[in-house]
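What follows is the content of query09.cif (mmCIF, C-alpha atoms).
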```
data_input
loop_
_atom_site.label_atom_id
_atom_site.label_comp_id
_atom_site.auth_asym_id
_atom_site.auth_seq_id
_atom_site.Cartn_x
_atom_site.Cartn_y
_atom_site.Cartn_z
CA MET A 1 -3.48 24.37 5.62
CA ASP A 2 -1.30 27.29 4.49
CA SER A 3 -1.42 28.46 0.89
CA LEU A 4 0.60 26.40 -1.57
CA GLN A 5 3.87 28.00 -2.65
CA ILE A 6 3.65 29.00 -6.32
CA LEU A 7 6.95 28.65 -8.18
CA PHE A 8 5.82 29.59 -11.69
CA ARG A 9 2.64 30.98 -13.21
CA CYS A 10 1.57 32.14 -16.63
CA GLU A 11 -1.67 32.19 -18.59
CA HIS A 12 -1.47 28.44 -19.31
CA LEU A 13 0.58 26.80 -16.54
CA VAL A 14 1.19 26.98 -12.82
CA ALA A 15 3.75 25.10 -10.72
CA ILE A 16 3.78 24.65 -6.96
CA SER A 17 6.26 23.33 -4.42
CA LYS A 18 4.37 20.27 -3.18
CA PRO A 19 4.93 19.52 0.50
CA ASN A 20 5.88 16.04 1.63
CA GLY A 21 2.77 14.10 2.62
CA LEU A 22 0.32 15.89 0.32
CA LEU A 23 -1.53 13.77 -2.24
CA VAL A 24 -1.90 15.18 -5.75
CA HIS A 25 -5.51 14.00 -6.01
CA ARG A 26 -7.99 11.64 -4.38
CA SER A 27 -6.86 8.02 -4.45
CA PRO A 28 -8.44 4.74 -3.28
CA ILE A 29 -5.03 3.63 -1.93
CA ALA A 30 -4.93 6.57 0.50
CA SER A 31 -8.40 6.70 1.99
CA ASP A 32 -7.07 8.43 5.13
CA ALA A 33 -6.42 11.68 3.26
CA ASP A 34 -8.98 14.46 2.86
CA VAL A 35 -6.71 17.25 1.55
CA PHE A 36 -5.36 17.19 -2.02
CA ALA A 37 -3.14 19.45 -4.10
CA VAL A 38 -5.68 19.71 -6.94
CA GLN A 39 -8.46 21.01 -4.68
CA LEU A 40 -6.15 23.28 -2.66
CA LEU A 41 -4.72 24.93 -5.76
CA ARG A 42 -8.12 25.23 -7.44
CA ASP A 43 -9.49 27.01 -4.37
CA GLN A 44 -6.38 29.17 -4.05
CA LEU A 45 -6.50 30.34 -7.68
CA GLY A 46 -10.26 30.30 -8.05
CA GLN A 47 -10.13 28.27 -11.27
CA LYS A 48 -9.94 24.71 -12.54
CA VAL A 49 -6.46 23.13 -12.63
CA TYR A 50 -5.19 20.00 -14.39
CA PRO A 51 -2.27 18.01 -12.93
CA VAL A 52 -0.08 17.16 -15.95
CA HIS A 53 2.10 14.65 -14.05
CA ARG A 54 2.31 12.99 -10.64
CA LEU A 55 4.51 13.05 -7.55
CA ASP A 56 4.31 10.40 -4.84
CA ARG A 57 2.62 11.49 -1.64
CA LYS A 58 5.99 11.14 0.15
CA THR A 59 7.92 13.14 -2.47
CA SER A 60 8.23 16.92 -2.18
CA GLY A 61 9.08 19.44 -4.89
CA VAL A 62 8.00 20.82 -8.27
CA LEU A 63 4.47 19.85 -9.33
CA LEU A 64 3.08 21.27 -12.58
CA PHE A 65 -0.54 22.00 -13.49
CA ALA A 66 -2.18 23.21 -16.70
CA LEU A 67 -4.89 25.86 -16.59
CA ASP A 68 -6.76 24.71 -19.70
CA GLU A 69 -7.47 21.42 -21.48
CA ALA A 70 -5.35 22.11 -24.56
CA THR A 71 -2.24 22.87 -22.49
CA ASN A 72 -2.93 19.84 -20.33
CA SER A 73 -3.00 17.56 -23.39
CA GLU A 74 0.17 19.07 -24.85
CA MET A 75 2.12 18.90 -21.56
CA GLN A 76 1.03 15.30 -20.95
CA ARG A 77 2.31 14.49 -24.44
CA LYS A 78 5.63 16.16 -23.61
CA PHE A 79 5.96 14.08 -20.43
CA MET A 80 5.06 10.89 -22.31
CA ASN A 81 7.60 11.61 -25.07
CA GLY A 82 10.45 12.47 -22.72
CA GLU A 83 10.45 16.17 -23.66
CA VAL A 84 10.47 17.26 -20.01
CA LYS A 85 13.71 16.96 -18.04
CA LYS A 86 12.92 15.91 -14.47
CA THR A 87 15.60 16.29 -11.80
CA TYR A 88 15.36 14.89 -8.28
CA HIS A 89 17.74 14.83 -5.32
CA ALA A 90 17.77 11.93 -2.85
CA ILE A 91 19.71 10.90 0.24
CA VAL A 92 20.54 7.20 -0.07
CA ARG A 93 22.34 4.50 1.86
CA GLY A 94 25.97 3.76 0.98
CA TYR A 95 28.50 5.25 -1.42
CA THR A 96 26.95 5.42 -4.89
CA PRO A 97 29.16 5.31 -8.03
CA ASP A 98 30.09 8.70 -9.54
CA SER A 99 27.39 8.28 -12.19
CA GLY A 100 25.45 5.60 -14.01
CA GLU A 101 22.33 4.40 -15.77
CA ILE A 102 19.73 2.11 -14.24
CA ASP A 103 17.89 0.26 -17.01
CA TYR A 104 15.56 -2.05 -15.09
CA PRO A 105 11.96 -2.79 -16.19
CA LEU A 106 9.27 -2.43 -13.52
CA LYS A 107 6.08 -4.39 -13.04
CA ARG A 108 2.79 -2.57 -12.51
CA ASP A 109 0.19 -3.73 -9.99
CA ASP A 110 -1.72 -5.41 -12.84
CA GLY A 111 1.36 -7.44 -13.82
CA VAL A 112 2.30 -5.47 -16.94
CA VAL A 113 6.08 -5.02 -17.23
CA GLN A 114 7.25 -1.60 -18.46
CA ASP A 115 10.65 -0.30 -19.51
CA ALA A 116 12.15 2.05 -16.92
CA VAL A 117 15.38 4.05 -17.19
CA THR A 118 17.01 6.40 -14.67
CA PHE A 119 20.31 8.27 -14.87
CA PHE A 120 22.08 9.19 -11.64
CA GLU A 121 25.02 11.29 -10.54
CA THR A 122 26.62 11.43 -7.09
CA LEU A 123 26.77 14.98 -5.72
CA GLN A 124 28.33 14.24 -2.34
CA ARG A 125 29.28 11.37 0.00
CA THR A 126 29.63 11.19 3.77
CA GLU A 127 30.74 8.68 6.41
CA MET A 128 29.15 9.10 9.82
CA PRO A 129 30.46 7.84 13.19
CA PHE A 130 27.41 5.76 14.08
CA ALA A 131 26.53 2.13 13.49
CA VAL A 132 23.23 1.12 11.96
CA GLY A 133 24.21 -2.40 10.90
CA LYS A 134 27.34 -4.50 11.44
CA HIS A 135 29.83 -1.75 10.53
CA PRO A 136 31.06 0.83 13.10
CA THR A 137 30.33 3.71 10.72
CA SER A 138 27.57 4.46 8.22
CA ARG A 139 27.90 5.82 4.68
CA TYR A 140 25.42 7.95 2.73
CA SER A 141 25.28 9.76 -0.59
CA LEU A 142 23.39 12.73 -1.97
CA VAL A 143 22.45 11.84 -5.54
CA LYS A 144 20.91 13.61 -8.51
CA LEU A 145 18.35 11.46 -10.33
CA ASN A 146 17.01 12.01 -13.84
CA PRO A 147 14.25 9.55 -14.75
CA VAL A 148 13.79 9.10 -18.48
CA THR A 149 10.52 7.21 -18.03
CA GLY A 150 7.82 7.96 -15.46
CA ARG A 151 6.82 4.68 -13.82
CA MET A 152 5.13 4.46 -10.44
CA HIS A 153 7.72 4.60 -7.64
CA GLN A 154 10.44 4.34 -10.30
CA LEU A 155 13.18 6.17 -8.42
CA ARG A 156 12.42 4.38 -5.17
CA LYS A 157 12.48 0.96 -6.85
CA HIS A 158 15.54 1.72 -8.99
CA MET A 159 17.65 2.91 -6.04
CA ALA A 160 16.63 -0.15 -4.03
CA HIS A 161 17.53 -2.33 -7.04
CA ILE A 162 21.14 -1.05 -7.04
CA LEU A 163 21.26 -1.52 -3.24
CA HIS A 164 21.28 2.19 -2.42
CA PRO A 165 17.75 2.65 -1.08
CA ILE A 166 16.37 6.12 -0.36
CA ILE A 167 16.39 6.98 3.34
CA GLY A 168 12.87 7.02 4.77
CA ASP A 169 11.37 5.01 1.92
CA ARG A 170 8.80 2.41 2.89
CA PRO A 171 8.32 -0.30 1.66
CA HIS A 172 11.23 -0.25 -0.83
CA GLY A 173 13.87 1.10 1.57
CA CYS A 174 16.00 -0.33 4.37
CA ASN A 175 14.02 -1.00 7.57
CA LYS A 176 17.13 -0.76 9.78
CA GLN A 177 18.06 2.65 8.39
CA ASN A 178 14.49 3.93 8.55
CA ARG A 179 14.13 2.81 12.18
CA PHE A 180 17.47 4.42 13.11
CA PHE A 181 16.56 7.76 11.51
CA LYS A 182 13.16 7.75 13.20
CA GLU A 183 14.54 6.91 16.66
CA GLN A 184 17.76 8.98 16.56
CA PHE A 185 16.69 12.00 14.51
CA GLY A 186 12.89 11.96 14.74
CA MET A 187 12.76 11.78 10.94
CA MET A 188 9.44 10.59 9.50
CA GLN A 189 9.75 11.73 5.87
CA MET A 190 11.27 10.21 2.74
CA MET A 191 14.43 11.91 1.48
CA LEU A 192 13.36 12.40 -2.13
CA HIS A 193 12.79 15.89 -3.56
CA ALA A 194 11.75 16.97 -7.07
CA VAL A 195 14.25 19.78 -7.63
CA SER A 196 13.37 20.98 -11.12
CA LEU A 197 11.43 20.62 -14.37
CA GLU A 198 12.77 21.86 -17.71
CA PHE A 199 10.76 22.04 -20.92
CA VAL A 200 9.83 24.20 -23.90
CA HIS A 201 6.64 26.13 -23.19
CA PRO A 202 3.84 24.73 -25.39
CA THR A 203 2.50 28.19 -26.33
CA THR A 204 5.37 30.70 -26.13
CA HIS A 205 8.03 28.11 -27.10
CA GLU A 206 10.39 29.64 -24.53
CA HIS A 207 12.69 27.47 -22.42
CA VAL A 208 11.22 27.06 -18.93
CA ASN A 209 13.20 25.85 -15.89
CA ILE A 210 11.22 25.63 -12.64
CA PHE A 211 13.16 25.08 -9.41
CA ALA A 212 12.02 24.14 -5.88
CA TYR A 213 14.21 24.56 -2.80
CA TYR A 214 14.52 21.69 -0.33
CA GLU A 215 11.96 21.37 2.44
CA ALA A 216 13.16 22.06 5.99
CA GLU A 217 13.36 18.35 6.89
CA PHE A 218 15.48 17.48 3.83
CA PHE A 219 17.79 20.38 4.68
CA ARG A 220 17.98 19.24 8.33
CA MET A 221 19.05 15.75 7.27
CA LEU A 222 21.73 17.16 4.98
CA GLU A 223 23.10 19.03 8.01
CA LYS A 224 22.88 15.99 10.31
CA LEU A 225 24.75 13.86 7.76
CA ARG A 226 27.25 16.62 6.86
CA LEU A 227 26.16 16.53 3.24
CA LYS A 228 26.13 20.33 2.80
#
```
Could I get this structure in the form of structure tokens?
Amino acid sequence: MDSLQILFRCEHLVAISKPNGLLVHRSPIASDADVFAVQLLRDQLGQKVYPVHRLDRKTSGVLLFALDEATNSEMQRKFMNGEVKKTYHAIVRGYTPDSGEIDYPLKRDDGVVQDAVTFFETLQRTEMPFAVGKHPTSRYSLVKLNPVTGRMHQLRKHMAHILHPIIGDRPHGCNKQNRFFKEQFGMMQMMLHAVSLEFVHPTTHEHVNIFAYYEAEFFRMLEKLRLK
């Protein structure tokens, strides 16, 4: 695999642009994978790295690592306390409202219910001249998502909850849409990208804003759907 793209690096932190399909670390729920971001980055830098948060395997974008245990602990605390602003972009089914808040608790695999809050804002809407369901045209939106909490699959579940599932999401998305995009456009990825992370640096106390450009496939879908 090619070297990981480094977006930000200092003495204590490093951020990469994680490709779609790459696991952050070894997981029993993805036994088919043998390549992981933690190992790749460790080998690339020649030092131990600590992932301070997670991105789904199917989500691309900014992924942050600490380079020492103290920074790792402090950054994990910042994530836990909502001191890190996380911004994602997603292509979803239908016309989303201009903006809103999704306050919908989510259940973990072990049955524990956790509070989960996401703010969203519609960046663009499009109506395309093809039929996926019963209507002669199909509508899509490009949305900005800011999760306040960090629950597993939160954005995927929250967008499905308000009936605007993310295109390419399985199992929370729309099977008809996913099948159409696969057959008509050859699209196999999920249209969710971690655009940026903003926080106060734990050591220098400077404001840090790390940005990741869209992957080629996300950009291609924006062009196909006339969302750019």
Excluding stretch 86-101 of chain A and any residue of its chain fewer than 2 positions from it, enumerate the residues within 7 Å of it, using only C-alpha atoms, and give them as a list in words.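 Skipping anything fewer than 2 positions along the chain leaves Val84, Asp103, Thr118, Phe119, Phe120, Glu121, Thr122, Arg125, Arg139, Tyr140, Ser141, Leu142, Val143, Lys144, Leu145, Asn146, Pro147, His164, Pro165, Ile166, Ile167, Met191, Leu192, His193, Ala194, Val195, Ser196, Leu197 and Glu198 of chain A.
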Please identify all polymer residues within 10 Å of A:Ala66, counting all atoms listed in the file, omitting same-chain residues fewer than 3 positions from it, and present them as number ranges by chain. A: 9-15, 48-53, 69-76
For the structure provided, state which residues fall under the PyMOL selection byres ((chain A and resi 2-5) around 7), and present them as a list of chain:residue names.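 For this structure, the PyMOL selection byres ((chain A and resi 2-5) around 7) resolves to A:Met1, A:Ile6, A:Leu7, A:Ile16, A:Ser17, A:Leu41.
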Given the choices A:Val38, A:Met221, A:Leu45, A:Ala212, which gets closest to A:Val62 if the distance is worked out from only C-alpha atoms?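 Selected residue with least distance to A:Val62: A:Ala212.
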To one decimal place in Å, what is the distance between atom CA of A:Leu22 and atom CA of A:Tyr214?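 Pair atom CA of A:Leu22 / atom CA of A:Tyr214 returns 15.4 Å.
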I'd like to know which of A:Gly61, A:Gly46, A:Pro105, A:Pro202 is closest to A:Met152, using only C-alpha atoms.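 So, comparing all the options, the nearest one is A:Pro105.
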Hey, which of A:Lys134, A:His158, A:Arg42, A:Arg151 ends up closest to A:Lys176? Count only C-alpha atoms. A:Lys134
Nearest to A:Met159 among A:Tyr104, A:Asn178, A:Gln124, A:Gln189, with distances taken over only C-alpha atoms: which residue is it?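 Of the candidates, the smallest distance to A:Met159 is held by A:Tyr104.
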Point out the residue among A:Leu123, A:Met80, A:Val200, A:Val132 with the least atom-to-atom distance to A:Phe180, counting only C-alpha atoms.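 Between A:Leu123, A:Met80, A:Val200, A:Val132, the residue approaching A:Phe180 most closely is A:Val132.
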Applying the PyMOL selection byres ((chain A and resi 129) around 12) to the file I just gave you, which residues come out? Please list them as a PDB file with C-alpha atoms, in the frame of the given file.
```
ATOM      1  CA  THR A 126      29.630  11.190   3.770  1.00  0.00           C
ATOM      2  CA  GLU A 127      30.740   8.680   6.410  1.00  0.00           C
ATOM      3  CA  MET A 128      29.150   9.100   9.820  1.00  0.00           C
ATOM      4  CA  PHE A 130      27.410   5.760  14.080  1.00  0.00           C
ATOM      5  CA  ALA A 131      26.530   2.130  13.490  1.00  0.00           C
ATOM      6  CA  VAL A 132      23.230   1.120  11.960  1.00  0.00           C
ATOM      7  CA  HIS A 135      29.830  -1.750  10.530  1.00  0.00           C
ATOM      8  CA  PRO A 136      31.060   0.830  13.100  1.00  0.00           C
ATOM      9  CA  THR A 137      30.330   3.710  10.720  1.00  0.00           C
ATOM     10  CA  SER A 138      27.570   4.460   8.220  1.00  0.00           C
ATOM     11  CA  ARG A 139      27.900   5.820   4.680  1.00  0.00           C
ATOM     12  CA  TYR A 140      25.420   7.950   2.730  1.00  0.00           C
ATOM     13  CA  LYS A 224      22.880  15.990  10.310  1.00  0.00           C
ATOM     14  CA  LEU A 225      24.750  13.860   7.760  1.00  0.00           C
ATOM     15  CA  ARG A 226      27.250  16.620   6.860  1.00  0.00           C
TER      16      ARG A 226
END
```
Would you compute the distance between atom CA of A:Phe185 and atom CA of A:Arg170? Give it in Å to one decimal.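 Here the two named atoms are 17.0 Å from each other.
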In Å, how far is it from atom CA of A:Gly173 to atom CA of A:Gln114?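 The value is 21.3 Å.
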Closest of A:Asn209, A:Gln184, A:Thr204, A:Asn81 to A:Thr149 - atom-to-atom distances counting all atoms listed in the file: A:Asn81
Might you pull out every residue within 9 Å of A:Met188, with only C-alpha atoms counted and same-chain residues fewer than 4 positions away left off, and present them as a ChimeraX atom specification? /A:168,178,181-182
Selection file, C-alpha atoms, as a compact mmCIF listing (two decimals), in the coordinates of the input:
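Result file is part26.txt:
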```txt
# COMPACT_ATOMS: atom_id res chain seq x y z
CA GLY A 168 12.87 7.02 4.77
CA ASN A 178 14.49 3.93 8.55
CA PHE A 181 16.56 7.76 11.51
CA LYS A 182 13.16 7.75 13.20
```
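Every residue that the PyMOL selection byres ((chain A and resi 172) around 7) selects in this file is listed here: A:Arg156, A:Lys157, A:Ala160, A:Asp169, A:Arg170, A:Pro171, A:Gly173.
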